[in-house]
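See below for entry_22.cif, which holds mmCIF, C-alpha atoms.
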```cif
data_model
loop_
_atom_site.label_atom_id
_atom_site.label_comp_id
_atom_site.auth_asym_id
_atom_site.auth_seq_id
_atom_site.Cartn_x
_atom_site.Cartn_y
_atom_site.Cartn_z
CA GLN A 1 11.28 8.93 0.85
CA VAL A 2 8.68 6.42 -0.29
CA HIS A 3 5.74 5.66 1.94
CA LEU A 4 2.90 3.19 1.60
CA VAL A 5 0.13 3.58 4.15
CA GLU A 6 -2.67 1.04 4.43
CA SER A 7 -6.05 1.54 6.02
CA GLY A 8 -9.40 -0.19 6.16
CA GLY A 9 -8.63 -3.34 8.09
CA GLY A 10 -10.82 -4.54 10.92
CA SER A 11 -12.99 -7.33 12.21
CA VAL A 12 -15.98 -8.74 10.37
CA GLN A 13 -18.12 -11.83 10.48
CA ALA A 14 -17.91 -14.48 7.81
CA GLY A 15 -19.68 -13.37 4.68
CA GLY A 16 -18.92 -9.72 5.30
CA SER A 17 -16.91 -7.23 3.28
CA LEU A 18 -14.05 -4.84 3.81
CA ARG A 19 -12.17 -2.44 1.57
CA LEU A 20 -8.50 -1.83 2.10
CA SER A 21 -6.75 1.28 0.86
CA CYS A 22 -3.07 1.93 0.25
CA THR A 23 -1.88 5.44 -0.41
CA ALA A 24 1.54 5.88 -1.96
CA SER A 25 3.73 8.94 -1.55
CA GLY A 26 7.29 9.96 -2.29
CA TYR A 27 7.50 8.35 -5.72
CA ALA A 28 9.09 10.42 -8.47
CA ARG A 29 6.99 8.39 -10.92
CA ARG A 30 4.36 5.71 -10.49
CA PRO A 31 5.65 2.26 -9.56
CA TYR A 32 5.26 -0.35 -12.26
CA CYS A 33 3.63 -2.90 -10.02
CA MET A 34 1.59 -2.77 -6.85
CA GLY A 35 -0.06 -5.52 -4.92
CA TRP A 36 -1.67 -6.82 -1.79
CA PHE A 37 -0.07 -9.56 0.22
CA ARG A 38 -1.12 -11.26 3.42
CA GLN A 39 0.45 -13.26 6.17
CA ALA A 40 -1.46 -15.33 8.68
CA PRO A 41 0.10 -16.48 11.97
CA GLY A 42 2.45 -19.39 11.38
CA LYS A 43 2.15 -19.15 7.61
CA GLU A 44 4.29 -17.71 4.86
CA ARG A 45 3.38 -14.47 3.19
CA GLU A 46 1.29 -14.96 0.07
CA ALA A 47 0.33 -12.73 -2.78
CA VAL A 48 -3.37 -11.93 -2.79
CA ALA A 49 -3.71 -9.63 -5.79
CA ARG A 50 -1.30 -7.71 -7.98
CA MET A 51 -1.68 -5.03 -10.59
CA SER A 52 0.45 -3.69 -13.37
CA ILE A 53 -0.10 0.01 -12.77
CA GLY A 54 0.51 1.16 -16.32
CA ARG A 55 -1.36 -1.63 -18.12
CA GLY A 56 -4.02 -2.12 -15.46
CA THR A 57 -3.74 -5.90 -15.72
CA THR A 58 -4.35 -7.91 -12.57
CA ASP A 59 -3.80 -11.34 -11.12
CA TYR A 60 -5.29 -13.00 -8.07
CA ALA A 61 -4.57 -15.90 -5.80
CA ASP A 62 -6.93 -18.78 -6.56
CA SER A 63 -8.30 -18.58 -3.03
CA VAL A 64 -9.65 -15.05 -3.54
CA LYS A 65 -10.70 -15.07 -7.18
CA ASP A 66 -14.29 -13.93 -7.66
CA ARG A 67 -14.32 -12.53 -4.12
CA PHE A 68 -11.61 -9.84 -4.07
CA ILE A 69 -11.09 -6.97 -6.48
CA ILE A 70 -7.93 -4.90 -6.78
CA SER A 71 -8.23 -1.44 -8.27
CA GLN A 72 -6.45 1.88 -8.36
CA ASP A 73 -7.23 5.57 -8.32
CA THR A 74 -4.31 7.15 -10.11
CA ASP A 75 -5.34 10.69 -9.18
CA LYS A 76 -5.28 9.79 -5.50
CA HIS A 77 -2.18 7.57 -5.79
CA THR A 78 -4.21 4.92 -4.02
CA LEU A 79 -4.57 1.18 -4.44
CA TYR A 80 -7.66 -0.61 -3.19
CA LEU A 81 -8.62 -4.15 -2.31
CA GLU A 82 -12.33 -4.83 -2.17
CA MET A 83 -12.85 -8.01 -0.17
CA ASN A 84 -16.24 -9.73 -0.31
CA SER A 85 -17.61 -12.98 1.10
CA LEU A 86 -14.85 -12.98 3.66
CA GLN A 87 -14.04 -16.26 5.35
CA PRO A 88 -12.12 -17.06 8.54
CA ALA A 89 -9.28 -18.34 6.32
CA ASP A 90 -8.85 -14.75 5.09
CA THR A 91 -7.72 -13.64 8.55
CA ALA A 92 -4.23 -12.20 8.23
CA VAL A 93 -2.15 -9.05 8.22
CA TYR A 94 -2.60 -7.49 4.81
CA SER A 95 0.24 -5.43 3.38
CA CYS A 96 0.48 -3.22 0.37
CA ALA A 97 3.63 -3.36 -1.73
CA ALA A 98 5.01 -1.49 -4.71
CA ASP A 99 7.92 -1.85 -7.05
CA GLY A 100 9.33 0.69 -9.47
CA ARG A 101 12.37 -1.22 -10.64
CA VAL A 102 12.69 -1.24 -14.41
CA TRP A 103 12.56 -5.03 -14.74
CA ARG A 104 9.08 -4.89 -13.23
CA LEU A 105 7.90 -3.58 -16.58
CA ARG A 106 7.97 -7.20 -17.72
CA THR A 107 6.21 -8.84 -14.81
CA CYS A 108 4.46 -8.17 -11.53
CA ALA A 109 4.75 -11.79 -10.47
CA GLY A 110 6.43 -12.89 -7.27
CA SER A 111 6.57 -11.36 -3.82
CA ASP A 112 9.97 -9.65 -3.80
CA TYR A 113 8.60 -6.15 -4.03
CA ASN A 114 10.77 -3.19 -3.23
CA ASP A 115 8.55 -1.12 -0.96
CA TRP A 116 6.14 -2.24 1.75
CA GLY A 117 3.54 -0.70 3.97
CA GLN A 118 3.21 -1.45 7.66
CA GLY A 119 0.25 -3.79 7.22
CA THR A 120 -3.30 -3.79 8.48
CA GLN A 121 -5.05 -6.58 10.39
CA VAL A 122 -8.09 -8.28 8.93
CA THR A 123 -9.93 -10.67 11.23
CA VAL A 124 -12.89 -12.73 10.06
CA SER A 125 -14.92 -14.59 12.65
CA SER A 126 -17.21 -17.52 11.98
#
```
Can you turn what I pasted into structure tokens?
Amino acid sequence: QVHLVESGGGSVQAGGSLRLSCTASGYARRPYCMGWFRQAPGKEREAVARMSIGRGTTDYADSVKDRFIISQDTDKHTLYLEMNSLQPADTAVYSCAADGRVWRLRTCAGSDYNDWGQGTQVTVSS
């Protein structure tokens, strides 16, 4: 059974940094795509950063470009999200997602990922 477990959330003041981790287990092979998504109260879920695991290519939401960095440690089966210069607008539940479906070889776009973690709260105060 596939599991995605996030950690690293918390509360910080504006301008601070946090690093989220997502450890994957139960996969017979690496998923093709992994990403970080967030959902703030009263808002729809949005993609924050996504990565093609095999190619290592990434894409970011415009609102986090130049502030957030997505990376992976393949040996540890772990995906990271380094979040810098955090702002109150970044407050949300952050979830890790993965997708190993074959069509994901073509694209990591979209939010309809197959597997999801439980989410971790990030709160940024002004």
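What the PyMOL selection byres ((chain A and resi 18) around 8) matches in the given file is Gly8, Gly9, Gly10, Val12, Gly16, Ser17, Arg19, Leu20, Glu82, Met83 and Asn84 of chain A.
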For Ser85 (chain A), which residue out of A:Gly15, A:Gly54, A:Gly100, A:Gly119 is the nearest one, using only C-alpha atoms?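 Smallest distance to Ser85 (chain A) is found for A:Gly15.
Closest approach to Ala89 (chain A) from the set A:Thr74, A:Asn114, A:Ser126, A:Ser7 is made by A:Ser126, with distances taken over only C-alpha atoms.
When all atoms listed in the file are used to compute distances to Leu105 (chain A), the closest of the residues A:Tyr32, A:Tyr27, A:Tyr60, A:Phe37 turns out to be A:Tyr32.
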Which polymer residues have any atom within 10 Å of an atom of Thr23 (chain A), counting only C-alpha atoms, with same-chain residues fewer than 3 positions away left out, as a list in words?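 Non-adjacent residues within range: His3, Leu4, Val5, Glu6, Ser7, Gln72, Asp73, Lys76, His77, Thr78, Leu79, Tyr80, Cys96 and Gly117 of chain A.
Atom to atom, CA of Asp90 (chain A) and CA of Ala40 (chain A) stand 8.2 Å apart.
We find CA of Arg30 (chain A) and CA of Phe68 (chain A) to be spaced 23.2 Å apart.
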Contact residues around Ala109 (chain A) with only C-alpha atoms at 10 Å, ignoring same-chain residues under 5 positions, as a PyMOL selection string: chain A and resi 33+35+47+49-52+59+104
Top pick for closest residue to Val48 (chain A), considering A:Ser25, A:Ser71, A:Ser11, A:Ser95 and counting only C-alpha atoms: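 Among the listed residues, A:Ser95 lies closest to Val48 (chain A).
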Residue completion, region 51-63 of chain A, N, CA and C atoms, as a PDB file, in the coordinates of the input:
```pdb
ATOM      1  N   MET A  51      -1.251  -5.824  -9.446  1.00  0.00           N
ATOM      2  CA  MET A  51      -1.680  -5.030 -10.590  1.00  0.00           C
ATOM      3  C   MET A  51      -0.486  -4.385 -11.270  1.00  0.00           C
ATOM      4  N   SER A  52      -0.479  -4.471 -12.578  1.00  0.00           N
ATOM      5  CA  SER A  52       0.450  -3.690 -13.370  1.00  0.00           C
ATOM      6  C   SER A  52      -0.143  -2.296 -13.478  1.00  0.00           C
ATOM      7  N   ILE A  53       0.507  -1.312 -12.883  1.00  0.00           N
ATOM      8  CA  ILE A  53      -0.100   0.010 -12.770  1.00  0.00           C
ATOM      9  C   ILE A  53      -0.300   0.663 -14.122  1.00  0.00           C
ATOM     10  N   GLY A  54       0.641   0.541 -15.006  1.00  0.00           N
ATOM     11  CA  GLY A  54       0.510   1.160 -16.320  1.00  0.00           C
ATOM     12  C   GLY A  54      -0.508   0.460 -17.205  1.00  0.00           C
ATOM     13  N   ARG A  55      -0.469  -0.869 -17.236  1.00  0.00           N
ATOM     14  CA  ARG A  55      -1.360  -1.630 -18.120  1.00  0.00           C
ATOM     15  C   ARG A  55      -2.713  -1.869 -17.470  1.00  0.00           C
ATOM     16  N   GLY A  56      -2.755  -1.862 -16.144  1.00  0.00           N
ATOM     17  CA  GLY A  56      -4.020  -2.120 -15.460  1.00  0.00           C
ATOM     18  C   GLY A  56      -4.362  -3.594 -15.375  1.00  0.00           C
ATOM     19  N   THR A  57      -3.462  -4.462 -15.797  1.00  0.00           N
ATOM     20  CA  THR A  57      -3.740  -5.900 -15.720  1.00  0.00           C
ATOM     21  C   THR A  57      -3.587  -6.368 -14.273  1.00  0.00           C
ATOM     22  N   THR A  58      -4.315  -7.419 -13.951  1.00  0.00           N
ATOM     23  CA  THR A  58      -4.350  -7.910 -12.570  1.00  0.00           C
ATOM     24  C   THR A  58      -4.181  -9.423 -12.520  1.00  0.00           C
ATOM     25  N   ASP A  59      -3.773  -9.906 -11.368  1.00  0.00           N
ATOM     26  CA  ASP A  59      -3.800 -11.340 -11.120  1.00  0.00           C
ATOM     27  C   ASP A  59      -4.138 -11.561  -9.657  1.00  0.00           C
ATOM     28  N   TYR A  60      -4.782 -12.689  -9.397  1.00  0.00           N
ATOM     29  CA  TYR A  60      -5.290 -13.000  -8.070  1.00  0.00           C
ATOM     30  C   TYR A  60      -4.867 -14.391  -7.632  1.00  0.00           C
ATOM     31  N   ALA A  61      -4.738 -14.558  -6.335  1.00  0.00           N
ATOM     32  CA  ALA A  61      -4.570 -15.900  -5.800  1.00  0.00           C
ATOM     33  C   ALA A  61      -5.863 -16.674  -6.043  1.00  0.00           C
ATOM     34  N   ASP A  62      -5.738 -17.960  -6.291  1.00  0.00           N
ATOM     35  CA  ASP A  62      -6.930 -18.780  -6.560  1.00  0.00           C
ATOM     36  C   ASP A  62      -7.929 -18.693  -5.414  1.00  0.00           C
ATOM     37  N   SER A  63      -7.427 -18.561  -4.209  1.00  0.00           N
ATOM     38  CA  SER A  63      -8.300 -18.580  -3.030  1.00  0.00           C
ATOM     39  C   SER A  63      -9.184 -17.335  -2.917  1.00  0.00           C
TER      40      SER A  63
END
```
